[in-house]
Amino acid sequence: MERIIFHCDLNSFYASVELLGFPALRDKPVAVCGDPASRHGVILAKNEAAKAMGVKTAETIWQARRKCPDLTLLPAHHEKYRYYSKLAGEIYERYTDLVEPFGIDESWLDVTGTLHLFGGDPRELVDEIRRVIREELGLTVSVGVSFNKIFAKLGNDYRKPDATTVISRENFRDIVWPLPVTDLLFVGRASGKILAAHGIETIGDLAAVPQEKLEKLLGKNGAQLHQYALGEDRSPVRPAGDRPPPKSVGNGLTFRRNLVGRGEILVGVQMLSERVAMRLRRHGMKCTTVQIAVRSPDFQTVSRQKRLAAPSHLTRELVEGVMELLAGCWNWSAPVRALTVTATGLLPEDQAGEQLDLFAPQVPLRRVKQEKLEQTMDLLRDKYGGSIIGYGPRETRLAREIAGDEQSVGDEEEKEE
């Protein structure tokens, strides 16, 4: 049976959610931005009116206002976005149990087995979903319809906002193949440059190149992209609870002010390592490697990684690993603007065995006690809030002083186009 896949994208999601509280601004150029006082003066999202004026995501506020002097700026409220994302997901689940989130504002739906319950016409079902989203949430959604996930997303990107595009086996060569190769999901900037250097500029060009050549250029990824271009993607739509385990878990933070000195940098490392460790425990994973990316005020970034002595999901051990990395690559007197801590080489807890040291038998026992302590802290935070327990008074005050807008990296990354 031919699959029927929807890709739903809530249009200008952050901006649209903010505009629910400011209906008079709906037709005026509006952008959501970070707090300039917290050094997050960049555009996070924009509505269609701002987009028409050339405002772009990730550019600075002054650049955006130079293009659009009448631009209205609204602060970001990430808890609102998570709330509306959850509501949209619950609406999608009225039509199928196969709903796979893709970031905070996009989802794939496999309606192959349920379409007959709603009349049997994909376009009519899409119109129904768009109507319900508009009436119940006050938002609009664009939907791509196709026989695989890759083309469904391409259909979504093909026409926005508040639109439906159907890409079928009969028309995909006319719609998909003329598109730039970089429009294809998972063709990144580096791959796009390699392909362009060999005259592969459209998805049709990609489909016409022998797979063996693409494998030489891009490795296994080349073979996969070739299949995507030919419409041979067979990846299933995985419900949120059935998604594969993450390959990495990380958190990054641009601080409210520069951190100077080992003591201040240590507090920043503790904040980030604690969140990474907590997320690892929630996934039932341990990491074998820790990575850092540290950025100076002039935006120079240094990245390093090291393998841990044993797989871990303990804050203390992640902190120790990160501080060792920093000691080898950073001058403690040099200011730190931003820092990211990422755990990689993830293993399920039950597969993360540890080689015992016969000369230090107390070490495993100490780790068991530390695991119980940190798990208890997780329970307290889940029940009473994240601030119920933390570092000592001085570290807690400093953490509140320097905390900025944190960004998850890896399994929970939020994105806004």
# chains A, B, ... in the order shown; residues from 1 in each chain; ligands from 1
$ residues_around --residues "Glu274 in chain A" --least-positions-apart "5" --cutoff "9 Å" --atoms "only C-alpha atoms" --output "JSON, numbers by chain"
{"A": [269, 279, 314, 315, 316, 318, 319]}
$ write_last_selection --atoms "N, CA and C atoms" --output "PDB file, in the first residue's frame"
ATOM      1  N   VAL A 269      30.346  26.049  34.200  1.00  0.00           N
ATOM      2  CA  VAL A 269      30.509  24.635  33.849  1.00  0.00           C
ATOM      3  C   VAL A 269      29.572  23.769  34.679  1.00  0.00           C
ATOM      4  N   ARG A 279      19.665  15.226  31.924  1.00  0.00           N
ATOM      5  CA  ARG A 279      19.020  14.733  30.709  1.00  0.00           C
ATOM      6  C   ARG A 279      19.521  13.338  30.346  1.00  0.00           C
ATOM      7  N   LEU A 314      27.056  11.432  35.715  1.00  0.00           N
ATOM      8  CA  LEU A 314      27.189  12.164  36.968  1.00  0.00           C
ATOM      9  C   LEU A 314      27.704  13.578  36.709  1.00  0.00           C
ATOM     10  N   THR A 315      27.039  14.545  37.317  1.00  0.00           N
ATOM     11  CA  THR A 315      27.448  15.937  37.158  1.00  0.00           C
ATOM     12  C   THR A 315      28.911  16.128  37.541  1.00  0.00           C
ATOM     13  N   ARG A 316      29.304  15.578  38.689  1.00  0.00           N
ATOM     14  CA  ARG A 316      30.656  15.780  39.186  1.00  0.00           C
ATOM     15  C   ARG A 316      31.696  15.309  38.171  1.00  0.00           C
ATOM     16  N   LEU A 318      31.294  14.898  34.869  1.00  0.00           N
ATOM     17  CA  LEU A 318      31.280  15.748  33.676  1.00  0.00           C
ATOM     18  C   LEU A 318      32.014  17.050  33.954  1.00  0.00           C
ATOM     19  N   VAL A 319      31.773  17.627  35.134  1.00  0.00           N
ATOM     20  CA  VAL A 319      32.470  18.861  35.494  1.00  0.00           C
ATOM     21  C   VAL A 319      33.979  18.650  35.487  1.00  0.00           C
TER      22      VAL A 319
END
$ residues_around --residues "Cys33 in chain A" --least-positions-apart "3" --cutoff "10 Å" --atoms "only C-alpha atoms" --output "PyMOL selection string"
chain A and resi 14-15+30+36+40-46+57-61+73-77
$ write_last_selection --atoms "N, CA and C atoms" --output "PDB file, in the first residue's frame"
ATOM      1  N   TYR A  14       7.206  31.063  16.603  1.00  0.00           N
ATOM      2  CA  TYR A  14       7.436  31.921  17.764  1.00  0.00           C
ATOM      3  C   TYR A  14       6.672  33.235  17.623  1.00  0.00           C
ATOM      4  N   ALA A  15       6.797  33.862  16.459  1.00  0.00           N
ATOM      5  CA  ALA A  15       6.130  35.151  16.249  1.00  0.00           C
ATOM      6  C   ALA A  15       4.616  35.000  16.305  1.00  0.00           C
ATOM      7  N   VAL A  30       6.819  42.265  12.675  1.00  0.00           N
ATOM      8  CA  VAL A  30       7.096  41.916  14.064  1.00  0.00           C
ATOM      9  C   VAL A  30       8.177  40.846  14.085  1.00  0.00           C
ATOM     10  N   PRO A  36      18.386  42.236  24.571  1.00  0.00           N
ATOM     11  CA  PRO A  36      19.669  42.900  24.323  1.00  0.00           C
ATOM     12  C   PRO A  36      20.474  43.096  25.605  1.00  0.00           C
ATOM     13  N   HIS A  40      21.572  38.930  24.012  1.00  0.00           N
ATOM     14  CA  HIS A  40      20.941  38.023  23.056  1.00  0.00           C
ATOM     15  C   HIS A  40      20.196  38.851  22.025  1.00  0.00           C
ATOM     16  N   GLY A  41      20.841  39.919  21.543  1.00  0.00           N
ATOM     17  CA  GLY A  41      20.191  40.832  20.634  1.00  0.00           C
ATOM     18  C   GLY A  41      20.175  40.339  19.210  1.00  0.00           C
ATOM     19  N   VAL A  42      19.605  39.170  18.977  1.00  0.00           N
ATOM     20  CA  VAL A  42      19.475  38.636  17.625  1.00  0.00           C
ATOM     21  C   VAL A  42      18.031  38.262  17.380  1.00  0.00           C
ATOM     22  N   ILE A  43      17.669  38.200  16.113  1.00  0.00           N
ATOM     23  CA  ILE A  43      16.309  37.848  15.722  1.00  0.00           C
ATOM     24  C   ILE A  43      16.139  36.335  15.821  1.00  0.00           C
ATOM     25  N   LEU A  44      15.154  35.903  16.598  1.00  0.00           N
ATOM     26  CA  LEU A  44      14.854  34.480  16.748  1.00  0.00           C
ATOM     27  C   LEU A  44      13.773  34.028  15.785  1.00  0.00           C
ATOM     28  N   ALA A  45      12.862  34.928  15.434  1.00  0.00           N
ATOM     29  CA  ALA A  45      11.748  34.585  14.541  1.00  0.00           C
ATOM     30  C   ALA A  45      11.133  35.881  14.047  1.00  0.00           C
ATOM     31  N   LYS A  46      10.409  35.778  12.948  1.00  0.00           N
ATOM     32  CA  LYS A  46       9.757  36.963  12.392  1.00  0.00           C
ATOM     33  C   LYS A  46       8.458  36.547  11.720  1.00  0.00           C
ATOM     34  N   THR A  57      16.156  35.441  10.309  1.00  0.00           N
ATOM     35  CA  THR A  57      16.478  34.814  11.585  1.00  0.00           C
ATOM     36  C   THR A  57      17.990  34.804  11.792  1.00  0.00           C
ATOM     37  N   ALA A  58      18.412  35.064  13.031  1.00  0.00           N
ATOM     38  CA  ALA A  58      19.803  35.009  13.487  1.00  0.00           C
ATOM     39  C   ALA A  58      20.597  36.272  13.180  1.00  0.00           C
ATOM     40  N   GLU A  59      20.021  37.250  12.461  1.00  0.00           N
ATOM     41  CA  GLU A  59      20.749  38.502  12.290  1.00  0.00           C
ATOM     42  C   GLU A  59      20.547  39.371  13.530  1.00  0.00           C
ATOM     43  N   THR A  60      21.416  40.343  13.697  1.00  0.00           N
ATOM     44  CA  THR A  60      21.329  41.194  14.875  1.00  0.00           C
ATOM     45  C   THR A  60      20.144  42.152  14.767  1.00  0.00           C
ATOM     46  N   ILE A  61      19.736  42.678  15.921  1.00  0.00           N
ATOM     47  CA  ILE A  61      18.604  43.605  15.938  1.00  0.00           C
ATOM     48  C   ILE A  61      18.908  44.844  15.106  1.00  0.00           C
ATOM     49  N   LEU A  73       9.587  44.714  18.145  1.00  0.00           N
ATOM     50  CA  LEU A  73      10.309  43.605  18.757  1.00  0.00           C
ATOM     51  C   LEU A  73       9.550  43.109  19.981  1.00  0.00           C
ATOM     52  N   LEU A  74       9.416  41.793  20.075  1.00  0.00           N
ATOM     53  CA  LEU A  74       8.760  41.169  21.217  1.00  0.00           C
ATOM     54  C   LEU A  74       9.723  40.180  21.863  1.00  0.00           C
ATOM     55  N   PRO A  75       9.700  40.075  23.194  1.00  0.00           N
ATOM     56  CA  PRO A  75      10.598  39.117  23.870  1.00  0.00           C
ATOM     57  C   PRO A  75      10.122  37.686  23.667  1.00  0.00           C
ATOM     58  N   ALA A  76      11.058  36.759  23.789  1.00  0.00           N
ATOM     59  CA  ALA A  76      10.734  35.336  23.617  1.00  0.00           C
ATOM     60  C   ALA A  76      10.212  34.748  24.922  1.00  0.00           C
ATOM     61  N   HIS A  77       9.253  33.818  24.799  1.00  0.00           N
ATOM     62  CA  HIS A  77       8.703  33.094  25.951  1.00  0.00           C
ATOM     63  C   HIS A  77       8.671  31.608  25.584  1.00  0.00           C
TER      64      HIS A  77
END
$ residues_around --residues "Met285 in chain A" --least-positions-apart "4" --cutoff "8 Å" --atoms "only C-alpha atoms" --output "list in words"
Leu280, Arg281, His313, Leu346, Leu347, Pro348 and Glu349 of chain A
$ residues_around --residues "Ile292 in chain A" --least-positions-apart "3" --cutoff "6 Å" --atoms "only C-alpha atoms" --output "list of chain:residue names"
A:Ser303, A:Arg304, A:Thr340, A:Val341
$ closest_residue --among "A:Leu339, A:Ala64, A:Val166, A:Ile5" --to "Pro297 in chain A" --atoms "only C-alpha atoms"
A:Leu339
$ atom_distance --atom1 "CA of Asp9 in chain A" --atom2 "CA of Tyr81 in chain A"
13.4 Å
$ select_by_dssp --residues "range 255-372 of chain A" --states "alpha helix (DSSP H)" --output "PyMOL selection string"
chain A and resi 262-283+315-329+362-372
